[in-house]
Each structure stands twice: as C-alpha cells, then as structure tokens.
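Here's the structure, in structure tokens; my notes come after.
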Amino acid sequence: MEEIAASSGSLSVFVNGGTTPLGRALVRRLVAEGHRVTATVSDSAEAGLLRQDGALPSYPDLTRTGELRSAVAASRSTVFVNLAPTYSYQPPQGVSDWDTGLQLVGKGTAAAIEAAQAAGVEFFIQGSFSLLGGDEHDHSEHVPLTAPFIDDAYLAEERVQQSGLNACILRFGFVYSAESQALQTLRHALLRGQRVMIGSTHARANWIQAEDGAQAITLAIAQRPIGETLYIVDDQPLPPADFVRTLADALGVSVPAQLPALARRVFASETQLAMLEQPSGASNAEAKERLGWTLHYPTIASGLDRALLTWRALEPIRA
C-alpha cells in the first residue's frame with residue numbers, strides 16, 4: 001500500500017469527537033508528545049475538560065458540513081482524526097442513545113470528509129467498528145446484524161475510501177475506560193443491584209481500553225498506513241456477558257437475574273439488542289505488526305482493573 005511519511009516535529013491535529021473515551025485519551029497523548037490539538041465539544045462543560053487535557057475546544061455541529069469545515073480551516077490542522085462515529089460504541093449494556101450515534105456515523109462522516117477535503121489535510125483517520133468484519137470463529141446460527149447503524153457504518157467506510165483523501169480506517173472494539181459514560185452506567189447499575197441486559201453468552205465481541213486505542217491512533221498518525229483497514233482490539237475477544245461478569249467480580253457484586261427474552265424488547269432498542277448479540281471476534285495481529293503496537297491492557301480484566309483504580313482514586317477520602 002502507498003505510504004506517506006509523517007511530518008517531523010510538532011503536528012496540528014483535529015480530533016472530531018474530542019470527548020469520546022478515545023478522544024480524551026488521544027488528546028492527552030498527542031499533547032504530551034508536543035502536538036497542537038483542536039478537538040470538538042458540544043458544550044462549555046466538555047470544553048473545560050478538553051482545556052484540562054491541553055486541547056483547544058471547538059464547537060461545530062458535527063453533522064453540519066459548513067460548521068465543521070469552518071472549524072477545521074480555523075484550526076489549520078494537517079491531520080484529521082474522525083472519532084465522532086465511536087460516540088455510542090462503548091459497552092453496549094450501558095448505551096441507549098443509538099440514534100445520536102447513527103447521525104454521527106452517517107451524516108457526521110460525510111461532513112467530516114468534506115471538511116477535510118476543503119482544508120487540504122494531509123492525513124485522515126476514520127474511526128470504525130470491528131463488528132463490520134464479523135467473527136470467522138463464530139459457528140452459531142446467529143443472523144448478522146443489518147441494523148441501520150451498521151448499514152451506515154459500511155457506507156461511511158466506502159465514502160472514506162472513495163474520497164481521494166490520504167486515509168486509513170481503524171476498526172475498534174467496544175471502547176471502555178473510567179471516563180466511559182456507558183461503563184459508569186453499567187457500574188452504577190451493578191452496585192445498586194439493578195437488572196442489566198448482559199447480552200450474548202456465546203458470540204464473541206471485541207473490546208479495547210481507550211488508552212490502548214489512543215496509542216494505536218498516534219502510531220497510525222506517525223506511520224500513515226494509507227488505504228489500509230486495521231483492527232484495534234485487545235487480545236481476548238469475549239462475549240458481552242463475560243464483560244459484565246468480569247466487571248461484577250471486580251466490584252464484588254453479583255449479576256442480577258436476567259429478564260425474559262420477550263421482556264427485553266420493552267427496555268431496549270432493536271439496535272442495542274443487536275449489538276449485544278453480534279459476533280465481532282477480530283484479530284489484532286495485523287495492527288500489532290503494521291504499527292509496532294503493544295497493548296498495556298490486553299484483556300478486559302486488566303483494563304477494568306485500571307478503571308476501578310481510577311474511580312477509587314477519585315472517591316472522597318472518608319475520615
């Protein structure tokens with residue numbers, strides 16, 4: 001594949017989706033490496049978080065091409081990282097707002113591509129989803145997901161490939177960290193003994209701790225694997241049910257009894273139910289070899305331990 005060497009020294013990077021779990025971890029890493037970072041936010045509270053991380057916040061509507069184009073032009077960025085599609089792609093047991101995610105995958109990616117083209121960016125990274133590759137090891141009779149979210153995700157990748165931009169696609173597993181709102185929602189539900197839909201017990205899913213994902217993105221920015229699609233996932237694909245059980249064990253609680261199958265449709269959207277059942281056990285071997293990528297959290301057990309340590313450090317000290 002064609003490859004263009006990254007510019008030496010400091011870069012100007014535009015992170016679209018700056019307060020997603022991946023976005024925040026990436027901003028901190030890029031700033032620590034001396035790069036100038038502009039990142040999108042939706043309100044003043046998010047802007048405060050990004051300023052703490054060292055980025056310049058930007059407030060465009062991510063589905064409006066004109067607003068996003070103006071923001072990228074003002075930032076004078078040479079690298080565009082589109083993480084807005086991963087907004088909903090967190091532990092699916094804790095995500096209910098798939099409609100917003102659908103907008104950011106479809107209309108959002110179209111706006112991002114046009115903004116990057118107009119600004120003449122040198123390199124574009126598209127955040128995508130490991131479940132688009134399925135799981136060749138899953139031999140169940142599961143019917144592959146055909147929800148609009150996935151249809152739009154395939155279309156978004158095609159738009160990137162046909163855009164004429166120097167681009168690569170990174171397909172992430174479900175992203176989690178202590179900052180993940182979905183993981184926090186799941187944690188609070190388990191601690192309160194509330195029922196959660198744990199998902200499949202057999203169809204393997206991919207996962208990635210946000211800091212490991214951010215490291216892979218920075219390596220891609222440096223090496224620029226133009227035209228390639230890489231899976232940014234941890235070493236151990238596991239069913240969604242195992243993710244919940246691992247978290248519950250770490251918290252020292254039990255997983256509440258599950259709702260009957262028919263009742264689940266009352267409490268969850270079709271897309272959420274599909275995400276909890278869709279196999280996506282892709283391998284990270286190519287990404288490791290291509291990028292020289294080494295994971296700090298190769299399993300969900302190690303990644304969740306990191307989240308728990310972070311949460312405990314933020315708890316008030318009791319006299």
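Going through the structure tokens in order, the chains are called A, B, and so on, while each chain numbers its residues from 1 and the ligands are numbered from 1 in the order shown.
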DSSP on the backbone, strand (DSSP E) only: what residues of segment 1-240 of chain A does that give? Format it as a PyMOL selection string.
chain A and resi 12-16+36-40+56-58+79-82+123-129+167-172+174-176+207-209+229-232
Could you dump the residues just selected with C-alpha atoms as a short mmCIF file (atom, residue, chain, number, x, y, z; two decimals), in the first residue's frame?
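File produced: result-v4.cif:
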data_model
loop_
_atom_site.label_atom_id
_atom_site.label_comp_id
_atom_site.auth_asym_id
_atom_site.auth_seq_id
_atom_site.Cartn_x
_atom_site.Cartn_y
_atom_site.Cartn_z
CA SER A 12 -1.58 20.24 14.16
CA VAL A 13 -4.27 17.61 14.72
CA PHE A 14 -8.07 17.97 14.59
CA VAL A 15 -9.85 15.40 16.77
CA ASN A 16 -13.50 15.10 15.79
CA ARG A 36 -1.14 21.13 18.79
CA VAL A 37 -4.64 19.70 19.16
CA THR A 38 -8.07 21.11 18.37
CA ALA A 39 -10.96 18.90 19.50
CA THR A 40 -14.71 19.15 19.11
CA LEU A 56 -8.27 23.91 22.09
CA PRO A 57 -12.04 23.21 22.09
CA SER A 58 -14.19 23.76 19.01
CA VAL A 79 -4.24 15.58 10.38
CA PHE A 80 -7.95 14.85 10.89
CA VAL A 81 -8.99 12.04 13.26
CA ASN A 82 -12.70 11.23 12.97
CA PHE A 123 -3.94 12.50 6.51
CA PHE A 124 -7.40 11.35 7.61
CA ILE A 125 -8.22 8.57 10.10
CA GLN A 126 -11.72 7.13 10.20
CA GLY A 127 -12.87 5.52 13.45
CA SER A 128 -14.97 2.47 12.64
CA PHE A 129 -16.14 -0.81 14.21
CA ALA A 167 -6.76 7.94 4.74
CA CYS A 168 -6.86 4.78 6.78
CA ILE A 169 -9.67 3.06 8.66
CA LEU A 170 -9.27 1.83 12.22
CA ARG A 171 -11.93 -0.63 13.33
CA PHE A 172 -12.23 -0.52 17.12
CA PHE A 174 -16.22 -1.62 22.11
CA VAL A 175 -14.29 1.21 23.79
CA TYR A 176 -14.18 1.48 27.58
CA TRP A 207 -13.09 -4.73 23.30
CA ILE A 208 -10.41 -2.05 23.62
CA GLN A 209 -9.29 0.04 26.55
CA THR A 229 -8.02 -1.10 7.40
CA LEU A 230 -6.70 -2.26 10.78
CA TYR A 231 -8.46 -3.84 13.77
CA ILE A 232 -7.73 -2.01 17.01
#
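With only C-alpha atoms taken into account, the protein and nucleic acid residues at most 8 Å from Leu219 of chain A (excluding it and anything under 5 positions from it in its own chain) are A:Leu291, A:Gly292, A:Trp293.
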Can you tell me, as a PyMOL selection string, which residues in segment 55-201 of chain A count as alpha helix (DSSP H) by DSSP?
chain A and resi 65-75+98-105+107-119+148-161+181-191
With distances taken over only C-alpha atoms, which of A:Arg195, A:Tyr297, A:Phe149, A:Ala307 is nearest to Thr100 of chain A?
A:Phe149
Would you mind listing what lies within 12 Å of Ala282 of chain A as a ChimeraX atom specification, with only C-alpha atoms counted and same-chain residues fewer than 3 positions away left out?
/A:129-138,171-174,203-208,230-238,279,285-287
Go ahead and dump the residues you just picked, C-alpha atoms, as a PDB file, in the first residue's frame.
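The result, stored in selection36.pdb:
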ATOM      1  CA  PHE A 129     -16.142  -0.808  14.214  1.00  0.00           C
ATOM      2  CA  SER A 130     -14.664  -4.277  14.482  1.00  0.00           C
ATOM      3  CA  LEU A 131     -18.058  -5.947  14.107  1.00  0.00           C
ATOM      4  CA  LEU A 132     -18.044  -4.974  10.425  1.00  0.00           C
ATOM      5  CA  GLY A 133     -15.582  -7.831   9.988  1.00  0.00           C
ATOM      6  CA  GLY A 134     -17.693 -10.350  11.882  1.00  0.00           C
ATOM      7  CA  ASP A 135     -16.146 -13.375  13.585  1.00  0.00           C
ATOM      8  CA  GLU A 136     -14.904 -16.234  11.472  1.00  0.00           C
ATOM      9  CA  HIS A 137     -14.733 -18.412  14.607  1.00  0.00           C
ATOM     10  CA  ASP A 138     -18.422 -17.983  15.435  1.00  0.00           C
ATOM     11  CA  ARG A 171     -11.933  -0.630  13.330  1.00  0.00           C
ATOM     12  CA  PHE A 172     -12.234  -0.519  17.116  1.00  0.00           C
ATOM     13  CA  GLY A 173     -13.719  -2.945  19.580  1.00  0.00           C
ATOM     14  CA  PHE A 174     -16.224  -1.617  22.105  1.00  0.00           C
ATOM     15  CA  ALA A 203     -20.955 -14.751  20.344  1.00  0.00           C
ATOM     16  CA  ARG A 204     -17.531 -13.215  20.908  1.00  0.00           C
ATOM     17  CA  ALA A 205     -17.180  -9.439  20.862  1.00  0.00           C
ATOM     18  CA  ASN A 206     -14.097  -7.229  20.619  1.00  0.00           C
ATOM     19  CA  TRP A 207     -13.087  -4.732  23.302  1.00  0.00           C
ATOM     20  CA  ILE A 208     -10.412  -2.052  23.618  1.00  0.00           C
ATOM     21  CA  LEU A 230      -6.704  -2.264  10.784  1.00  0.00           C
ATOM     22  CA  TYR A 231      -8.461  -3.838  13.765  1.00  0.00           C
ATOM     23  CA  ILE A 232      -7.734  -2.011  17.009  1.00  0.00           C
ATOM     24  CA  VAL A 233      -8.905  -4.575  19.538  1.00  0.00           C
ATOM     25  CA  ASP A 234      -7.472  -6.326  22.576  1.00  0.00           C
ATOM     26  CA  ASP A 235      -6.027  -9.841  22.693  1.00  0.00           C
ATOM     27  CA  GLN A 236      -9.063 -11.690  24.008  1.00  0.00           C
ATOM     28  CA  PRO A 237     -12.456 -11.410  22.297  1.00  0.00           C
ATOM     29  CA  LEU A 238     -15.140 -12.335  24.806  1.00  0.00           C
ATOM     30  CA  PRO A 279     -20.182 -11.555  16.773  1.00  0.00           C
ATOM     31  CA  ALA A 285      -2.257  -9.367  14.823  1.00  0.00           C
ATOM     32  CA  GLU A 286      -2.012  -7.235  11.673  1.00  0.00           C
ATOM     33  CA  ALA A 287      -2.299  -3.959  13.601  1.00  0.00           C
TER      34      ALA A 287
END
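Using only C-alpha atoms for every distance, the candidate list A:Glu228, A:Asp151, A:Asp212, A:Glu157 yields A:Asp212 as the residue closest to Ser302 of chain A.
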